[in-house]
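Structure file structure-v1.txt with compact mmCIF, C-alpha atoms:
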```
# COMPACT_ATOMS: atom_id res chain seq x y z
CA MET A 1 7.11 -53.94 -44.78
CA PRO A 2 10.63 -53.00 -45.89
CA ALA A 3 12.79 -55.52 -47.68
CA ILE A 4 15.54 -56.97 -45.54
CA GLY A 5 18.45 -59.24 -46.31
CA VAL A 6 17.71 -62.45 -44.41
CA VAL A 7 18.74 -66.07 -44.35
CA SER A 8 17.28 -69.36 -43.27
CA CYS A 9 18.54 -72.31 -41.18
CA SER A 10 22.15 -72.56 -40.02
CA CYS A 11 24.87 -73.87 -42.31
CA LEU A 12 26.52 -77.13 -41.33
CA ARG A 13 28.23 -79.55 -43.68
CA PRO A 14 29.84 -76.62 -45.55
CA GLY A 15 31.02 -75.27 -42.16
CA VAL A 16 34.48 -76.78 -42.50
CA TRP A 17 34.62 -75.81 -46.15
CA LEU A 18 33.72 -72.18 -45.54
CA LEU A 19 36.49 -71.77 -42.97
CA LYS A 20 39.19 -72.45 -45.56
CA PRO A 21 38.64 -69.69 -48.12
CA GLY A 22 36.94 -67.52 -45.54
CA MET A 23 39.55 -67.17 -42.83
CA GLN A 24 42.44 -66.80 -45.28
CA LYS A 25 40.71 -63.91 -47.01
CA MET A 26 39.33 -62.07 -43.99
CA SER A 27 42.00 -59.37 -44.09
CA SER A 28 41.05 -58.34 -47.64
CA PHE A 29 37.44 -57.51 -46.70
CA GLY A 30 36.44 -54.39 -44.89
CA LEU A 31 33.85 -51.65 -44.77
CA HIS A 32 32.28 -50.82 -48.09
CA THR A 33 31.22 -47.38 -49.24
CA ALA A 34 27.67 -47.56 -50.58
CA ALA A 35 26.53 -46.06 -53.85
CA ARG A 36 22.97 -44.68 -54.02
CA CYS A 37 22.62 -45.75 -57.66
CA ALA A 38 24.70 -47.61 -60.20
CA ALA A 39 28.11 -45.98 -60.60
CA LYS A 40 28.18 -47.30 -64.17
CA ASP A 41 25.69 -48.99 -66.45
CA TYR A 42 27.56 -52.25 -67.17
CA TYR A 43 29.19 -54.91 -64.97
CA GLU A 44 30.78 -58.18 -65.88
CA VAL A 45 28.92 -59.85 -62.98
CA LEU A 46 25.69 -58.39 -61.61
CA VAL A 47 24.27 -59.92 -58.43
CA LEU A 48 20.63 -59.33 -57.49
CA GLY A 49 20.16 -59.51 -53.72
CA GLY A 50 22.44 -58.86 -50.75
CA GLY A 51 21.35 -61.73 -48.53
CA THR A 52 23.39 -64.87 -47.87
CA GLY A 53 23.65 -66.09 -51.47
CA GLY A 54 24.25 -62.65 -52.95
CA ILE A 55 27.03 -61.62 -50.58
CA THR A 56 28.70 -65.05 -50.75
CA MET A 57 28.68 -65.09 -54.56
CA SER A 58 29.82 -61.48 -54.90
CA ALA A 59 32.83 -62.33 -52.69
CA ARG A 60 33.62 -65.30 -54.93
CA MET A 61 33.11 -63.30 -58.15
CA LYS A 62 35.38 -60.51 -56.89
CA ARG A 63 38.24 -63.00 -56.86
CA LYS A 64 37.40 -64.12 -60.40
CA VAL A 65 36.89 -60.84 -62.26
CA GLY A 66 38.03 -58.07 -59.87
CA ALA A 67 35.96 -56.01 -57.43
CA GLY A 68 35.31 -53.17 -59.88
CA ASN A 69 33.61 -55.55 -62.29
CA VAL A 70 31.06 -56.84 -59.75
CA ALA A 71 27.95 -55.08 -58.44
CA VAL A 72 25.28 -56.11 -55.93
CA VAL A 73 21.75 -54.66 -56.09
CA GLU A 74 20.34 -54.49 -52.55
CA PRO A 75 18.09 -51.78 -51.05
CA SER A 76 18.39 -52.82 -47.39
CA LYS A 77 20.72 -51.05 -44.98
CA THR A 78 20.78 -54.04 -42.60
CA HIS A 79 21.79 -57.65 -43.18
CA TYR A 80 20.23 -60.21 -40.81
CA TYR A 81 21.36 -63.68 -39.80
CA GLN A 82 17.87 -65.09 -39.39
CA PRO A 83 18.64 -68.53 -37.91
CA LEU A 84 19.10 -66.75 -34.59
CA TRP A 85 15.49 -65.56 -34.65
CA THR A 86 14.26 -68.93 -33.33
CA LEU A 87 16.39 -68.28 -30.24
CA VAL A 88 15.35 -64.60 -30.10
CA GLY A 89 11.67 -65.65 -30.10
CA GLY A 90 12.48 -68.11 -27.32
CA GLY A 91 14.31 -65.50 -25.23
CA ALA A 92 17.74 -67.15 -25.59
CA LYS A 93 19.37 -64.48 -27.82
CA GLN A 94 19.04 -60.73 -28.37
CA LEU A 95 17.72 -59.48 -31.72
CA ALA A 96 20.62 -57.04 -32.08
CA THR A 97 23.11 -59.92 -32.28
CA SER A 98 21.51 -61.06 -35.57
CA ALA A 99 22.09 -57.76 -37.39
CA ARG A 100 25.02 -56.07 -39.15
CA PRO A 101 25.08 -53.03 -41.46
CA THR A 102 24.91 -54.22 -45.09
CA GLY A 103 27.98 -52.13 -45.86
CA SER A 104 30.01 -54.15 -43.37
CA VAL A 105 29.31 -57.47 -45.11
CA MET A 106 29.66 -56.19 -48.69
CA PRO A 107 33.02 -57.31 -50.14
CA LYS A 108 35.44 -54.39 -50.27
CA GLY A 109 35.51 -52.65 -53.64
CA VAL A 110 32.41 -54.39 -54.98
CA GLU A 111 29.81 -51.84 -56.09
CA TRP A 112 26.75 -51.72 -53.81
CA ILE A 113 23.79 -50.44 -55.81
CA LYS A 114 21.31 -49.26 -53.16
CA SER A 115 18.20 -49.81 -55.20
CA ARG A 116 15.45 -52.28 -55.96
CA VAL A 117 15.13 -54.42 -59.09
CA THR A 118 11.90 -53.63 -60.95
CA ALA A 119 12.29 -55.81 -64.08
CA LEU A 120 14.61 -58.37 -65.67
CA ASP A 121 15.30 -58.49 -69.42
CA PRO A 122 17.58 -61.48 -69.98
CA ASP A 123 17.13 -61.30 -73.76
CA LYS A 124 18.94 -57.94 -73.69
CA ASN A 125 21.26 -58.83 -70.80
CA CYS A 126 20.01 -56.04 -68.56
CA VAL A 127 17.85 -55.28 -65.53
CA TRP A 128 15.81 -52.24 -64.64
CA LEU A 129 16.01 -50.58 -61.24
CA GLU A 130 13.94 -47.89 -59.53
CA ASN A 131 13.97 -44.46 -61.21
CA ASP A 132 14.16 -46.20 -64.62
CA THR A 133 17.86 -46.97 -64.24
CA LYS A 134 19.12 -49.66 -66.61
CA VAL A 135 22.14 -51.81 -65.73
CA SER A 136 23.62 -54.31 -68.21
CA TYR A 137 25.68 -57.38 -67.46
CA LYS A 138 27.69 -60.20 -68.97
CA TYR A 139 26.70 -62.65 -66.21
CA LEU A 140 23.71 -62.39 -63.85
CA ILE A 141 23.33 -64.11 -60.47
CA ILE A 142 19.82 -63.98 -59.00
CA SER A 143 19.62 -64.30 -55.21
CA LEU A 144 16.45 -62.40 -54.30
CA GLY A 145 15.25 -64.64 -51.48
CA ILE A 146 11.63 -65.38 -50.64
CA SER A 147 8.77 -63.01 -49.78
CA LEU A 148 6.60 -63.21 -46.66
CA HIS A 149 2.85 -62.76 -47.17
CA TYR A 150 1.19 -62.15 -43.81
CA GLU A 151 -1.52 -60.25 -45.69
CA LYS A 152 -2.76 -63.52 -47.20
CA ILE A 153 -4.09 -64.41 -43.75
CA LYS A 154 -7.24 -62.37 -43.02
CA GLY A 155 -6.64 -60.08 -40.04
CA LEU A 156 -2.88 -59.82 -40.55
CA PRO A 157 -0.48 -58.07 -40.37
CA GLU A 158 -2.61 -55.58 -38.37
CA GLY A 159 -3.36 -58.34 -35.84
CA PHE A 160 0.22 -58.11 -34.57
CA GLN A 161 -0.74 -54.85 -32.85
CA HIS A 162 -2.56 -57.02 -30.31
CA PRO A 163 -0.79 -59.05 -27.58
CA LYS A 164 -0.56 -62.86 -27.45
CA ILE A 165 0.62 -63.18 -31.08
CA GLY A 166 4.08 -63.26 -32.63
CA SER A 167 6.12 -64.59 -35.55
CA ASN A 168 9.80 -65.50 -35.65
CA TYR A 169 9.93 -64.92 -39.41
CA SER A 170 9.93 -61.10 -39.32
CA VAL A 171 12.27 -58.64 -37.63
CA HIS A 172 9.14 -56.65 -36.71
CA THR A 173 7.37 -59.50 -34.88
CA VAL A 174 10.03 -61.87 -33.50
CA GLU A 175 10.30 -60.06 -30.16
CA LYS A 176 6.49 -60.25 -29.84
CA THR A 177 6.87 -64.04 -29.76
CA TRP A 178 9.04 -63.81 -26.63
CA LYS A 179 6.59 -61.36 -25.04
CA ALA A 180 3.64 -63.70 -25.74
CA LEU A 181 5.63 -66.61 -24.33
CA GLN A 182 6.36 -64.76 -21.10
CA ASP A 183 2.80 -63.41 -20.73
CA PHE A 184 1.17 -66.83 -21.19
CA LYS A 185 -1.22 -67.73 -18.34
CA GLU A 186 -3.37 -70.68 -19.39
CA GLY A 187 -5.15 -72.02 -22.47
CA ASN A 188 -4.26 -72.97 -26.04
CA ALA A 189 -0.78 -72.26 -27.41
CA ILE A 190 -1.02 -72.68 -31.19
CA PHE A 191 1.88 -72.93 -33.66
CA THR A 192 1.21 -72.90 -37.41
CA PHE A 193 2.75 -74.09 -40.71
CA PRO A 194 1.30 -72.58 -43.94
CA ASN A 195 0.19 -74.20 -47.18
CA THR A 196 3.17 -72.83 -49.17
CA PRO A 197 6.91 -73.46 -49.46
CA VAL A 198 8.74 -71.87 -46.49
CA LYS A 199 12.32 -71.12 -45.59
CA CYS A 200 13.63 -73.46 -42.93
CA ALA A 201 10.75 -75.91 -42.68
CA GLY A 202 11.79 -76.89 -39.16
CA ALA A 203 11.50 -73.40 -37.66
CA PRO A 204 7.70 -73.41 -37.17
CA GLN A 205 8.02 -76.28 -34.68
CA LYS A 206 11.35 -75.25 -33.09
CA ILE A 207 9.67 -72.36 -31.26
CA MET A 208 6.99 -74.79 -30.06
CA TYR A 209 9.58 -76.99 -28.34
CA LEU A 210 11.28 -73.94 -26.80
CA SER A 211 7.91 -72.67 -25.54
CA GLU A 212 7.11 -76.04 -23.98
CA ALA A 213 10.51 -76.07 -22.24
CA TYR A 214 10.04 -72.49 -21.00
CA TRP A 215 6.63 -73.23 -19.50
CA ARG A 216 7.99 -76.37 -17.87
CA LYS A 217 10.77 -74.29 -16.32
CA THR A 218 8.35 -71.60 -15.09
CA GLY A 219 5.70 -73.97 -13.75
CA LYS A 220 3.04 -73.14 -16.37
CA ARG A 221 3.24 -76.31 -18.46
CA SER A 222 0.18 -77.97 -16.88
CA LYS A 223 -1.91 -74.95 -17.88
CA ALA A 224 -0.84 -75.03 -21.55
CA ASN A 225 -2.58 -77.02 -24.28
CA ILE A 226 0.08 -76.98 -27.00
CA MET A 227 -1.09 -77.49 -30.60
CA PHE A 228 0.87 -77.70 -33.85
CA ASN A 229 -1.51 -77.01 -36.73
CA THR A 230 0.33 -77.83 -39.96
CA SER A 231 -0.84 -77.82 -43.57
CA LEU A 232 1.43 -80.80 -44.19
CA GLY A 233 0.57 -84.47 -43.77
CA VAL A 234 3.82 -85.30 -41.93
CA ILE A 235 5.76 -83.72 -39.07
CA PHE A 236 9.03 -83.60 -41.08
CA GLY A 237 9.98 -84.70 -44.58
CA VAL A 238 12.85 -87.05 -43.63
CA LYS A 239 11.66 -90.20 -41.83
CA LYS A 240 14.77 -90.68 -39.67
CA TYR A 241 14.28 -87.31 -37.98
CA ALA A 242 10.48 -87.41 -38.12
CA ASP A 243 10.47 -90.60 -36.03
CA THR A 244 12.43 -88.88 -33.24
CA LEU A 245 10.25 -85.75 -33.40
CA LEU A 246 7.10 -87.85 -33.06
CA GLU A 247 8.57 -89.49 -29.93
CA ILE A 248 9.30 -86.03 -28.47
CA ILE A 249 5.79 -84.82 -29.32
CA LYS A 250 4.28 -87.84 -27.57
CA GLU A 251 6.53 -87.49 -24.50
CA ARG A 252 5.72 -83.80 -24.13
CA ASN A 253 1.99 -84.21 -24.71
CA ILE A 254 1.76 -81.94 -27.77
CA ALA A 255 -1.27 -82.19 -30.09
CA VAL A 256 -0.52 -82.26 -33.83
CA ASN A 257 -3.33 -81.47 -36.28
CA TYR A 258 -2.34 -82.26 -39.87
CA LYS A 259 -3.76 -80.63 -43.01
CA ARG A 260 -4.82 -77.49 -41.13
CA ASN A 261 -4.06 -74.14 -42.77
CA LEU A 262 -4.39 -70.80 -40.94
CA VAL A 263 -6.73 -68.56 -42.97
CA GLU A 264 -7.80 -65.87 -40.48
CA VAL A 265 -6.71 -64.32 -37.18
CA ARG A 266 -9.26 -62.44 -35.05
CA ALA A 267 -6.68 -60.91 -32.74
CA ASP A 268 -9.20 -58.81 -30.80
CA LYS A 269 -11.00 -62.02 -29.77
CA GLN A 270 -7.86 -64.20 -29.64
CA GLU A 271 -9.30 -66.57 -32.24
CA ALA A 272 -7.48 -68.43 -35.03
CA VAL A 273 -9.43 -69.86 -37.97
CA PHE A 274 -8.08 -72.90 -39.82
CA GLU A 275 -9.23 -74.53 -43.04
CA ASN A 276 -9.28 -78.34 -43.13
CA LEU A 277 -7.36 -79.07 -46.34
CA ASP A 278 -8.92 -82.53 -46.56
CA LYS A 279 -12.36 -80.86 -46.60
CA PRO A 280 -11.94 -77.63 -48.61
CA GLY A 281 -14.12 -74.82 -47.33
CA VAL A 282 -14.61 -76.43 -43.91
CA THR A 283 -13.10 -74.29 -41.15
CA GLU A 284 -12.58 -74.60 -37.41
CA VAL A 285 -12.05 -71.83 -34.87
CA HIS A 286 -9.63 -72.14 -31.95
CA GLN A 287 -9.32 -69.75 -29.02
CA TYR A 288 -5.67 -69.00 -28.21
CA GLU A 289 -3.67 -67.65 -25.29
CA MET A 290 -0.59 -67.62 -27.51
CA LEU A 291 -0.34 -67.83 -31.31
CA HIS A 292 2.86 -68.20 -33.33
CA VAL A 293 2.28 -67.53 -37.04
CA THR A 294 4.44 -68.85 -39.86
CA PRO A 295 3.32 -66.74 -42.84
CA PRO A 296 2.58 -67.95 -46.36
CA MET A 297 5.61 -67.35 -48.58
CA GLY A 298 6.28 -67.03 -52.28
CA PRO A 299 8.61 -65.66 -54.95
CA PRO A 300 9.47 -61.94 -54.89
CA ASP A 301 7.01 -59.90 -56.97
CA VAL A 302 9.67 -58.95 -59.55
CA LEU A 303 10.11 -62.64 -60.45
CA ILE A 304 6.43 -63.41 -60.98
CA ASN A 305 5.76 -63.60 -64.75
CA SER A 306 9.44 -62.83 -65.40
CA PRO A 307 11.27 -64.44 -68.37
CA VAL A 308 13.72 -66.04 -65.89
CA SER A 309 11.01 -67.75 -63.80
CA ASP A 310 8.90 -70.89 -63.99
CA GLU A 311 5.09 -70.73 -64.05
CA ILE A 312 4.93 -70.08 -60.29
CA GLY A 313 7.63 -67.41 -60.17
CA TRP A 314 10.74 -69.26 -58.94
CA VAL A 315 13.98 -68.78 -60.91
CA ASP A 316 14.13 -71.73 -63.31
CA VAL A 317 17.56 -73.32 -62.90
CA ASP A 318 19.15 -76.70 -63.51
CA LYS A 319 19.01 -78.51 -60.17
CA GLU A 320 22.57 -79.82 -60.46
CA THR A 321 24.50 -76.85 -61.94
CA LEU A 322 22.30 -73.86 -60.87
CA GLN A 323 22.61 -72.49 -64.42
CA HIS A 324 19.40 -71.09 -65.91
CA LYS A 325 17.60 -73.57 -68.16
CA LYS A 326 17.13 -71.04 -71.00
CA TYR A 327 19.72 -68.27 -70.49
CA PRO A 328 23.26 -69.71 -70.14
CA ASN A 329 24.70 -66.49 -68.65
CA VAL A 330 22.06 -66.35 -65.89
CA PHE A 331 22.33 -68.27 -62.61
CA GLY A 332 20.24 -68.63 -59.46
CA ILE A 333 21.00 -69.46 -55.85
CA GLY A 334 19.01 -69.84 -52.65
CA ASP A 335 15.38 -69.34 -51.69
CA CYS A 336 14.25 -67.67 -54.95
CA THR A 337 15.05 -70.72 -57.11
CA ASN A 338 12.96 -73.78 -57.96
CA LEU A 339 15.59 -76.19 -56.63
CA PRO A 340 13.61 -79.06 -55.02
CA THR A 341 15.31 -78.88 -51.63
CA SER A 342 14.66 -77.14 -48.31
CA ARG A 343 15.37 -73.41 -48.29
CA THR A 344 18.18 -72.98 -45.74
CA ALA A 345 21.51 -71.17 -45.45
CA ALA A 346 23.18 -74.59 -45.32
CA ALA A 347 21.75 -75.25 -48.78
CA ILE A 348 23.10 -71.88 -49.98
CA ALA A 349 26.55 -72.67 -48.57
CA ALA A 350 26.62 -75.94 -50.54
CA GLN A 351 25.11 -74.32 -53.64
CA SER A 352 27.68 -71.50 -53.65
CA GLY A 353 30.58 -73.93 -54.09
CA VAL A 354 28.85 -75.63 -57.01
CA LEU A 355 27.78 -72.34 -58.60
CA ASP A 356 31.33 -70.98 -58.33
CA LYS A 357 32.59 -73.97 -60.34
CA THR A 358 29.68 -73.70 -62.82
CA ILE A 359 30.38 -70.03 -63.57
CA SER A 360 34.12 -70.69 -63.90
CA ARG A 361 33.41 -73.28 -66.59
CA VAL A 362 30.87 -71.09 -68.38
CA MET A 363 33.35 -68.19 -68.43
CA LYS A 364 35.78 -70.51 -70.27
CA ASN A 365 33.07 -71.66 -72.71
CA GLN A 366 33.06 -75.10 -71.10
CA LEU A 367 30.16 -77.22 -69.87
CA PRO A 368 29.59 -77.31 -66.09
CA THR A 369 30.67 -80.55 -64.43
CA LYS A 370 30.28 -79.99 -60.67
CA LYS A 371 26.86 -81.18 -59.41
CA TYR A 372 24.77 -80.08 -56.44
CA ASP A 373 23.20 -83.07 -54.65
CA GLY A 374 20.48 -81.08 -52.88
CA TYR A 375 22.34 -81.00 -49.56
CA THR A 376 20.54 -78.98 -46.91
CA SER A 377 20.50 -78.90 -43.15
CA CYS A 378 18.15 -77.93 -40.37
CA PRO A 379 19.27 -77.93 -36.73
CA LEU A 380 15.97 -78.83 -35.06
CA VAL A 381 15.99 -77.01 -31.72
CA THR A 382 14.03 -79.16 -29.26
CA GLY A 383 14.94 -77.32 -26.03
CA TYR A 384 17.19 -74.64 -24.56
CA ASN A 385 20.21 -76.92 -24.82
CA LYS A 386 19.09 -79.60 -27.28
CA VAL A 387 19.25 -79.90 -31.07
CA ILE A 388 18.62 -82.71 -33.55
CA LEU A 389 20.95 -82.07 -36.49
CA ALA A 390 18.99 -82.96 -39.65
CA GLU A 391 21.08 -83.09 -42.84
CA PHE A 392 19.75 -84.57 -46.08
CA ASP A 393 19.75 -84.48 -49.90
CA TYR A 394 17.30 -84.10 -52.80
CA ASN A 395 15.91 -87.58 -52.12
CA ALA A 396 15.21 -86.80 -48.44
CA GLN A 397 17.97 -89.24 -47.51
CA PRO A 398 20.21 -88.39 -44.53
CA LEU A 399 23.55 -86.90 -45.65
CA GLU A 400 25.26 -86.51 -42.31
CA THR A 401 28.49 -84.82 -41.27
CA PHE A 402 29.31 -86.56 -37.98
CA PRO A 403 29.96 -90.25 -37.15
CA ILE A 404 27.12 -90.29 -34.59
CA ASP A 405 23.36 -90.81 -34.69
CA GLN A 406 22.25 -87.28 -35.58
CA SER A 407 18.59 -88.10 -34.99
CA LYS A 408 19.28 -87.90 -31.23
CA GLU A 409 18.94 -84.69 -29.21
CA ARG A 410 22.42 -83.37 -28.34
CA ILE A 411 23.78 -80.49 -26.27
CA THR A 412 26.86 -80.21 -28.53
CA MET A 413 24.64 -79.57 -31.57
CA TYR A 414 22.80 -76.84 -29.69
CA HIS A 415 26.05 -74.97 -29.02
CA MET A 416 27.02 -75.44 -32.66
CA LYS A 417 23.78 -73.75 -33.75
CA ALA A 418 23.72 -71.03 -31.10
CA ASP A 419 27.39 -70.09 -30.93
CA LEU A 420 29.62 -71.63 -33.60
CA MET A 421 27.45 -71.21 -36.69
CA PRO A 422 26.86 -67.44 -36.29
CA PHE A 423 30.65 -66.97 -36.03
CA LEU A 424 31.25 -69.10 -39.13
CA TYR A 425 28.51 -67.22 -40.98
CA TRP A 426 29.87 -63.71 -40.40
CA ASN A 427 33.55 -64.62 -40.64
CA GLY A 428 33.55 -67.49 -43.12
CA LEU A 429 30.61 -68.00 -45.47
CA LEU A 430 30.02 -64.32 -46.30
CA LYS A 431 33.72 -63.88 -47.04
```
Give the structure from this file in structure tokens form.
Amino acid sequence: MPAIGVVSCSCLRPGVWLLKPGMQKMSSFGLHTAARCAAKDYYEVLVLGGGTGGITMSARMKRKVGAGNVAVVEPSKTHYYQPLWTLVGGGAKQLATSARPTGSVMPKGVEWIKSRVTALDPDKNCVWLENDTKVSYKYLIISLGISLHYEKIKGLPEGFQHPKIGSNYSVHTVEKTWKALQDFKEGNAIFTFPNTPVKCAGAPQKIMYLSEAYWRKTGKRSKANIMFNTSLGVIFGVKKYADTLLEIIKERNIAVNYKRNLVEVRADKQEAVFENLDKPGVTEVHQYEMLHVTPPMGPPDVLINSPVSDEIGWVDVDKETLQHKKYPNVFGIGDCTNLPTSRTAAAIAAQSGVLDKTISRVMKNQLPTKKYDGYTSCPLVTGYNKVILAEFDYNAQPLETFPIDQSKERITMYHMKADLMPFLYWNGLLK
């Protein structure tokens, strides 16, 4: 499956912040001419990854050191705004609206190295790319995202060739979710959450609420037995929002099975096999009429056993400054780091402001002072015009933007997610 630049949940608290530098600078950003390989072998700032964090930080670094001194390594020709994929899977948005050519979001004048990172050597201040190309740097920003591992579920990804199964996490399978939703007749509709970290932990259940609303609207709800099989022991990690979600689940007659991990899909028989995590080795088989799969996820391969990573493979950074714990000229942002917060674009928006200040101080041989509090956000879509706006910090405590009870379903928050946030993303955050 080709690598693609993607992002997680919508950005919220930083929404006002990103308008300020973003809108003022819009005129200085335009189409970027791509380079097939590195135009030179040294850059003052080298950014690995052209997703949300990489593009945002390259725009910020351009203003610090000049466009010609910044390069972004990114093999993908297309940049995706993935928060829309929940709505694409639910039939409320078109897939094409989530995509832009990578060249159109690359800051003007910044070097786009159209290649893949194959190794990092922070002791020598360089990275290796495909075709044994070496690029050196003074400062390195790692923003390589998170990898999807459908293949860790027996029967996938080949099972997606069959009907009745989809996944909002991949550009290749998100439209299959909408097809399965429309084709549903009667039986079990199963939605899964894997036994790994995931980007946007709310997304696996958002599509479940949209599906329930769609079947209610089309008169099929009484024929659907909706099940949420999650590897977790709770519905959501922040109690304030979890309490509301549990009320919704009860009202809408949805069955939640905790500590259940999808281990196999027999797509030809429409069977899903789950392991009971409380009883390792014990499995149960469910017949399905619709199956939405959230895949296991993990660090990109290049980071596993890398000098910059922890024992699992996540970039090992200070959780307050985003500076690497061992290499002071290396920094991490977003889904590829071991920051103990939810992996969302809102988190990246907040992190980018802190990282900008951290790098500024490091460039002046000063200690970083600005601290990231773990802010992240997840607009929990609970219907075709309803969203619960969850915002919280490292301690899973609400950290809310608006002077209202954000644990309530609201139409205004739905329009913010569906319409305002994509505009702010393309025209503000990335700039």
(message) Please determine, counting all atoms listed in the file, which residue among A:Arg100, A:Lys408, A:Lys164, A:Lys152 has the shortest atom-to-atom distance to Thr382 in chain A.
(response)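 For Thr382 in chain A, the nearest of the given residues is A:Lys408.
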(request) Check the smallest atom-to-atom distance from each of A:Val174, A:Asp121, A:Phe228, A:Ala213 to Lys93 in chain A using only C-alpha atoms, then report the winner. (result)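 The closest residue to Lys93 in chain A is A:Val174.
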(message) Between CA of Leu430 in chain A and CA of Ile55 in chain A, what is the distance in Å, rounded to a tenth?
(response)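 Rounded to one decimal, the two atoms are 5.9 Å apart.
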(request) Work out how far apart CA of Tyr137 in chain A and CA of Lys325 in chain A are and give it in Å to one decimal. (result)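 Taking CA of Tyr137 in chain A as the start and CA of Lys325 in chain A as the end point, the length is 18.1 Å.
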(request) Could you check which of A:Ile153, A:Val302, A:Leu246, A:Ile254 is closest to Val117 in chain A, using all atoms listed in the file? (result)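 Using all atoms listed in the file, the shortest distance to Val117 in chain A belongs to A:Val302.
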(request) Could you please determine the separation between CA of Met61 in chain A and CA of Gly49 in chain A in Å, to one decimal place? (result)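 Rounded to one decimal, the two atoms are 14.2 Å apart.
Nearest-residue note for Leu262 in chain A: choosing from A:Thr283, A:Thr52, A:Asn365, A:Thr78, the minimum distance belongs to A:Thr283, counting all atoms listed in the file.
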(message) I need the residue nearest Gln270 in chain A from this list: A:Trp178, A:Phe160, A:Phe193, A:Tyr209. Use all atoms listed in the file for the distance.
(response)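 Closest to Gln270 in chain A of all the choices is A:Phe160.
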(request) Tell me which of A:Lys154, A:His149, A:Lys62, A:Lys185 sits closest to Asn225 in chain A, counting only C-alpha atoms. (result) A:Lys185
Closest-contact table, range 331-406 of chain A side, partner range 297-300 of chain A, 12 Å, counting all atoms listed in the file, as JSON lines:
```
{"residue": "A:Gly334", "atom": "CA", "partner": "A:Pro299", "partner_atom": "CA", "distance": 11.4}
{"residue": "A:Asp335", "atom": "CA", "partner": "A:Pro299", "partner_atom": "CA", "distance": 8.4}
{"residue": "A:Cys336", "atom": "CA", "partner": "A:Pro299", "partner_atom": "CA", "distance": 6.0}
{"residue": "A:Thr337", "atom": "CA", "partner": "A:Pro299", "partner_atom": "CA", "distance": 8.5}
{"residue": "A:Asn338", "atom": "CA", "partner": "A:Pro299", "partner_atom": "CA", "distance": 9.7}
{"residue": "A:Arg343", "atom": "CA", "partner": "A:Met297", "partner_atom": "CA", "distance": 11.5}
```
Please, could you write that set of residues out with C-alpha atoms as a PDB file, in the coordinates of the input?
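Done, and the output landed in out.pdb:
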```
ATOM      1  CA  GLY A 334      19.010 -69.840 -52.650  1.00  0.00           C
ATOM      2  CA  ASP A 335      15.380 -69.340 -51.690  1.00  0.00           C
ATOM      3  CA  CYS A 336      14.250 -67.670 -54.950  1.00  0.00           C
ATOM      4  CA  THR A 337      15.050 -70.720 -57.110  1.00  0.00           C
ATOM      5  CA  ASN A 338      12.960 -73.780 -57.960  1.00  0.00           C
ATOM      6  CA  ARG A 343      15.370 -73.410 -48.290  1.00  0.00           C
TER       7      ARG A 343
END
```
(message) Can you pull out the residues contacting Trp215 in chain A? Cut-off 12 Å, using all atoms listed in the file, and skip same-chain residues under 3 positions away; I want them as a ChimeraX atom specification.
(response) /A:90,180-186,189,208-212,218-226,252,383-384
Once you add 5 Å to each side, what are the centre and edge lengths of the axis-aligned box holding all listed atoms of range 86-92 of chain A? One decimal in Å, as AutoDock Vina command-line options, if you can.
```
--center_x 14.7 --center_y -66.8 --center_z -29.3 --size_x 16.1 --size_y 14.3 --size_z 18.1
```
(request) Would you list the contacts of Trp85 in chain A as a list in words, taking every protein, DNA or RNA residue within 9 Å and counting all atoms listed in the file, but skipping same-chain residues closer than 2 positions in sequence? (result)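 Returned residues: Tyr81, Gln82, Pro83, Leu87, Val88, Gly89, Gly90, Lys93, Gln94, Leu95, Ser98, Asn168, Tyr169, Ser170, Val171, Val174 and Glu175 of chain A.
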Quick one: residues within 9 Å of Pro122 in chain A, all atoms listed in the file counted, chain neighbours fewer than 2 positions away excluded, as a PDB file with C-alpha atoms, in the coordinates of the input?
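Final output, part.pdb:
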```
ATOM      1  CA  LEU A 120      14.610 -58.370 -65.670  1.00  0.00           C
ATOM      2  CA  LYS A 124      18.940 -57.940 -73.690  1.00  0.00           C
ATOM      3  CA  ASN A 125      21.260 -58.830 -70.800  1.00  0.00           C
ATOM      4  CA  CYS A 126      20.010 -56.040 -68.560  1.00  0.00           C
ATOM      5  CA  VAL A 127      17.850 -55.280 -65.530  1.00  0.00           C
ATOM      6  CA  LEU A 140      23.710 -62.390 -63.850  1.00  0.00           C
ATOM      7  CA  PRO A 307      11.270 -64.440 -68.370  1.00  0.00           C
ATOM      8  CA  VAL A 308      13.720 -66.040 -65.890  1.00  0.00           C
ATOM      9  CA  TYR A 327      19.720 -68.270 -70.490  1.00  0.00           C
ATOM     10  CA  ASN A 329      24.700 -66.490 -68.650  1.00  0.00           C
ATOM     11  CA  VAL A 330      22.060 -66.350 -65.890  1.00  0.00           C
TER      12      VAL A 330
END
```
